[in-house]
Amino acid sequence: MKIGFVGLGAVVQTAYLPALAALAEDAEIWGFDPELTLSGVNQASSLEALLALPLDRLVIATPSLLHLPVLEQALASQIPLILVEKPLVASLAQHDRLQALLADPAVAGRVLALDHWMARIAVQQLLRGELDASWQPLTGEARVRPATIQDVAEVEGFLLEPCGIDEQGHPFALNFATGEPDQRTFHHPDGVILDIGTHVLAMIRELLVALGGGDSLHLIAEGVCDRLGQPIVLGDLRTAEGRACLRGEAAGVPLTLWLDKYAGAGVEKKGLSLLLKDGRRLELLRSGNQAWLHHHENGVLQRWQLEGPLYRHCIAQTLLAPIPVAGWHGVTARRLREVGLLLDLQQQLRGPH
């Protein structure tokens, strides 16, 4: 397989390339980035040169504002599948433009809006009797009763990231893959609403759709503040959100999302909690390269564990997998709906811009 990357930044270096080395060591990897080259990546001299290659897959991993312009160029190529890192677009104008492009089935069938949290599918697998064998039981096996969207009472998602504390007592972000200090300076629109809200929404919406839910989605933002705990005020078009709570519904199910990029030193909570109407509760949790699945019923806890980087599972399911017969248009449409809603929340918070 011949794979091309546009943009060779942190997510490619710390997530994609290690995953490909483990899963597809024979893959031929090409890339274009005007600012850097990487060992093991064949360097194209320009974007046009990269797109002219007979690639099987293209991954767009540029800064988010460049996703759409690069995608539009890539769609003129013969590349059969183009994967776009989250967030799919970075403005409402870009959202509307891409929505118009995806109205063409020939375009929609070639674009996959990728969020690696889409790979967190263990809850729906368990409730459909299809839990992947890679999940190792930590407790005695017992049959788990199936459930559908009609059985869901509410769902909660959370992405609370550990942070460092500087000499002034102020928090700073850590790289999600390495745990080292993140050297980037975050500004709007790259706050938690768009940057990590996309992860939690993608995971939960794929769960609810798998259980038979529809595409409805409504959210409001509460308690939004910057990394120092100061509220984001109307007219502020620069400061990134550091913390937010989003409430509403998805597929008619009450939904709460907790987002915090600066939760504290050693504080980490990443996953979801699904409450069923019969009182059962399922949790999907992750820390580092380990994930845990919990099923609570009448005081009895069943547990499973999965090892391995999340991106490795995601890439196996998407980048390296055969293209589904129906394409990825349903998934991409959901990611576009989500990012459009999150961008609209930022507009409400800061004012039109």
# chains A, B, ... in the order shown; residues from 1 in each chain; ligands from 1

$ residues_around --residues "Ile60 of chain A" --least-positions-apart "2" --cutoff "6 Å" --atoms "only C-alpha atoms" --output "PyMOL selection string"
chain A and resi 6+62+84

$ select_by_dssp --residues "segment 283-321 of chain A" --states "strand (DSSP E)" --output "number ranges by chain"
A: 283-287, 290-297, 300-307

$ closest_residue --among "A:Ala44, A:Leu310, A:Ala240, A:Val155" --to "Gly288 of chain A" --atoms "only C-alpha atoms"
A:Leu310

$ select_by_dssp --residues "segment 51-274 of chain A" --states "helix (DSSP H, G or I)" --output "ChimeraX atom specification"
/A:51,64-74,92-102,105-108,116-119,122-127,149-151,192-195,197-210

$ closest_residue --among "A:Gly299, A:Gly213, A:Pro231, A:Gly109" --to "Val331 of chain A" --atoms "only C-alpha atoms"
A:Gly109

$ residues_around --residues "Gln99 of chain A" --least-positions-apart "5" --cutoff "9 Å" --atoms "only C-alpha atoms" --output "list in words"
Gln94, Ala333 and Leu336 of chain A

$ write_last_selection --atoms "C-alpha atoms" --output "PDB file, in the first residue's frame"
ATOM      1  CA  GLN A  94     -15.523  26.116   5.512  1.00  0.00           C
ATOM      2  CA  ALA A 333     -21.486  13.458   7.534  1.00  0.00           C
ATOM      3  CA  LEU A 336     -19.176  17.452   9.767  1.00  0.00           C
TER       4      LEU A 336
END

$ closest_atom_pairs --of "segment 135-170 of chain A" --to "segment 241-246 of chain A" --cutoff "12 Å" --atoms "only C-alpha atoms" --output "JSON lines"
{"residue": "A:Glu156", "atom": "CA", "partner": "A:Leu246", "partner_atom": "CA", "distance": 10.1}
{"residue": "A:Gly157", "atom": "CA", "partner": "A:Leu246", "partner_atom": "CA", "distance": 9.6}
{"residue": "A:Phe158", "atom": "CA", "partner": "A:Cys245", "partner_atom": "CA", "distance": 9.3}
{"residue": "A:Leu159", "atom": "CA", "partner": "A:Arg243", "partner_atom": "CA", "distance": 10.1}
{"residue": "A:Leu160", "atom": "CA", "partner": "A:Arg243", "partner_atom": "CA", "distance": 9.0}
{"residue": "A:Glu161", "atom": "CA", "partner": "A:Arg243", "partner_atom": "CA", "distance": 10.3}
{"residue": "A:Cys163", "atom": "CA", "partner": "A:Gly242", "partner_atom": "CA", "distance": 11.1}

$ write_last_selection --atoms "N, CA, C and O atoms" --output "mmCIF file, in the first residue's frame"
data_model
loop_
_atom_site.group_PDB
_atom_site.id
_atom_site.type_symbol
_atom_site.label_atom_id
_atom_site.label_comp_id
_atom_site.auth_asym_id
_atom_site.auth_seq_id
_atom_site.Cartn_x
_atom_site.Cartn_y
_atom_site.Cartn_z
ATOM 1 N N GLU A 156 -22.753 9.964 29.290
ATOM 2 C CA GLU A 156 -21.827 11.013 29.722
ATOM 3 C C GLU A 156 -20.463 10.720 29.107
ATOM 4 O O GLU A 156 -20.001 9.573 29.109
ATOM 5 N N GLY A 157 -19.824 11.745 28.559
ATOM 6 C CA GLY A 157 -18.494 11.598 28.011
ATOM 7 C C GLY A 157 -17.539 12.537 28.716
ATOM 8 O O GLY A 157 -17.939 13.608 29.184
ATOM 9 N N PHE A 158 -16.278 12.158 28.775
ATOM 10 C CA PHE A 158 -15.315 13.003 29.481
ATOM 11 C C PHE A 158 -13.937 12.866 28.856
ATOM 12 O O PHE A 158 -13.522 11.794 28.432
ATOM 13 N N LEU A 159 -13.270 13.990 28.754
ATOM 14 C CA LEU A 159 -11.879 14.016 28.336
ATOM 15 C C LEU A 159 -11.178 15.033 29.224
ATOM 16 O O LEU A 159 -11.156 16.227 28.953
ATOM 17 N N LEU A 160 -10.667 14.527 30.326
ATOM 18 C CA LEU A 160 -9.937 15.339 31.294
ATOM 19 C C LEU A 160 -8.467 14.969 31.183
ATOM 20 O O LEU A 160 -8.073 13.833 31.466
ATOM 21 N N GLU A 161 -7.654 15.917 30.737
ATOM 22 C CA GLU A 161 -6.254 15.632 30.460
ATOM 23 C C GLU A 161 -5.357 16.113 31.595
ATOM 24 O O GLU A 161 -5.568 17.203 32.138
ATOM 25 N N CYS A 163 -2.052 17.799 33.220
ATOM 26 C CA CYS A 163 -1.253 18.932 32.772
ATOM 27 C C CYS A 163 -0.035 19.077 33.682
ATOM 28 O O CYS A 163 0.066 18.433 34.725
#

$ closest_residue --among "A:Gly140, A:Gly7, A:Gly264, A:Pro162" --to "His67 of chain A" --atoms "only C-alpha atoms"
A:Gly7

$ residues_around --residues "Leu211 of chain A" --least-positions-apart "4" --cutoff "12 Å" --atoms "only C-alpha atoms" --output "ChimeraX atom specification"
/A:121,123-129,146-152,204-207,215,251,253,274

$ closest_residue --among "A:Leu38, A:Ala27, A:Leu194, A:Leu81" --to "Asp56 of chain A" --atoms "only C-alpha atoms"
A:Leu81

$ closest_residue --among "A:Leu8, A:Ala153, A:Leu341, A:Ile323" --to "Leu275 of chain A" --atoms "only C-alpha atoms"
A:Ala153

$ closest_residue --among "A:Gly164, A:Gln305, A:Ala291, A:Ser91" --to "Asp182 of chain A" --atoms "only C-alpha atoms"
A:Gly164

$ residues_around --residues "Ser64 of chain A" --least-positions-apart "6" --cutoff "8 Å" --atoms "only C-alpha atoms" --output "CSV table (one decimal) with N, CA, C and O atoms, in the first residue's frame"
chain,number,residue,atom,x,y,z
A,86,LYS,N,-9.1,15.4,12.4
A,86,LYS,CA,-10.0,16.3,13.1
A,86,LYS,C,-9.3,17.6,13.4
A,86,LYS,O,-8.1,17.6,13.6
A,87,PRO,N,-10.0,18.7,13.6
A,87,PRO,CA,-11.4,18.9,13.1
A,87,PRO,C,-11.5,19.0,11.6
A,87,PRO,O,-10.6,19.5,11.0
A,88,LEU,N,-12.5,18.5,11.1
A,88,LEU,CA,-12.6,18.4,9.6
A,88,LEU,C,-12.5,19.8,9.0
A,88,LEU,O,-11.8,19.9,7.9
A,89,VAL,N,-13.1,20.8,9.5
A,89,VAL,CA,-13.0,22.2,9.1
A,89,VAL,C,-12.8,23.1,10.3
A,89,VAL,O,-13.0,22.6,11.4
A,90,ALA,N,-12.4,24.3,10.1
A,90,ALA,CA,-12.1,25.2,11.2
A,90,ALA,C,-12.9,26.5,11.2
A,90,ALA,O,-12.6,27.4,12.0

$ atom_distance --atom1 "atom CA of Trp30 of chain A" --atom2 "atom CA of Leu75 of chain A"
17.7 Å

$ atom_distance --atom1 "atom CA of Gln136 of chain A" --atom2 "atom CA of Pro322 of chain A"
26.3 Å
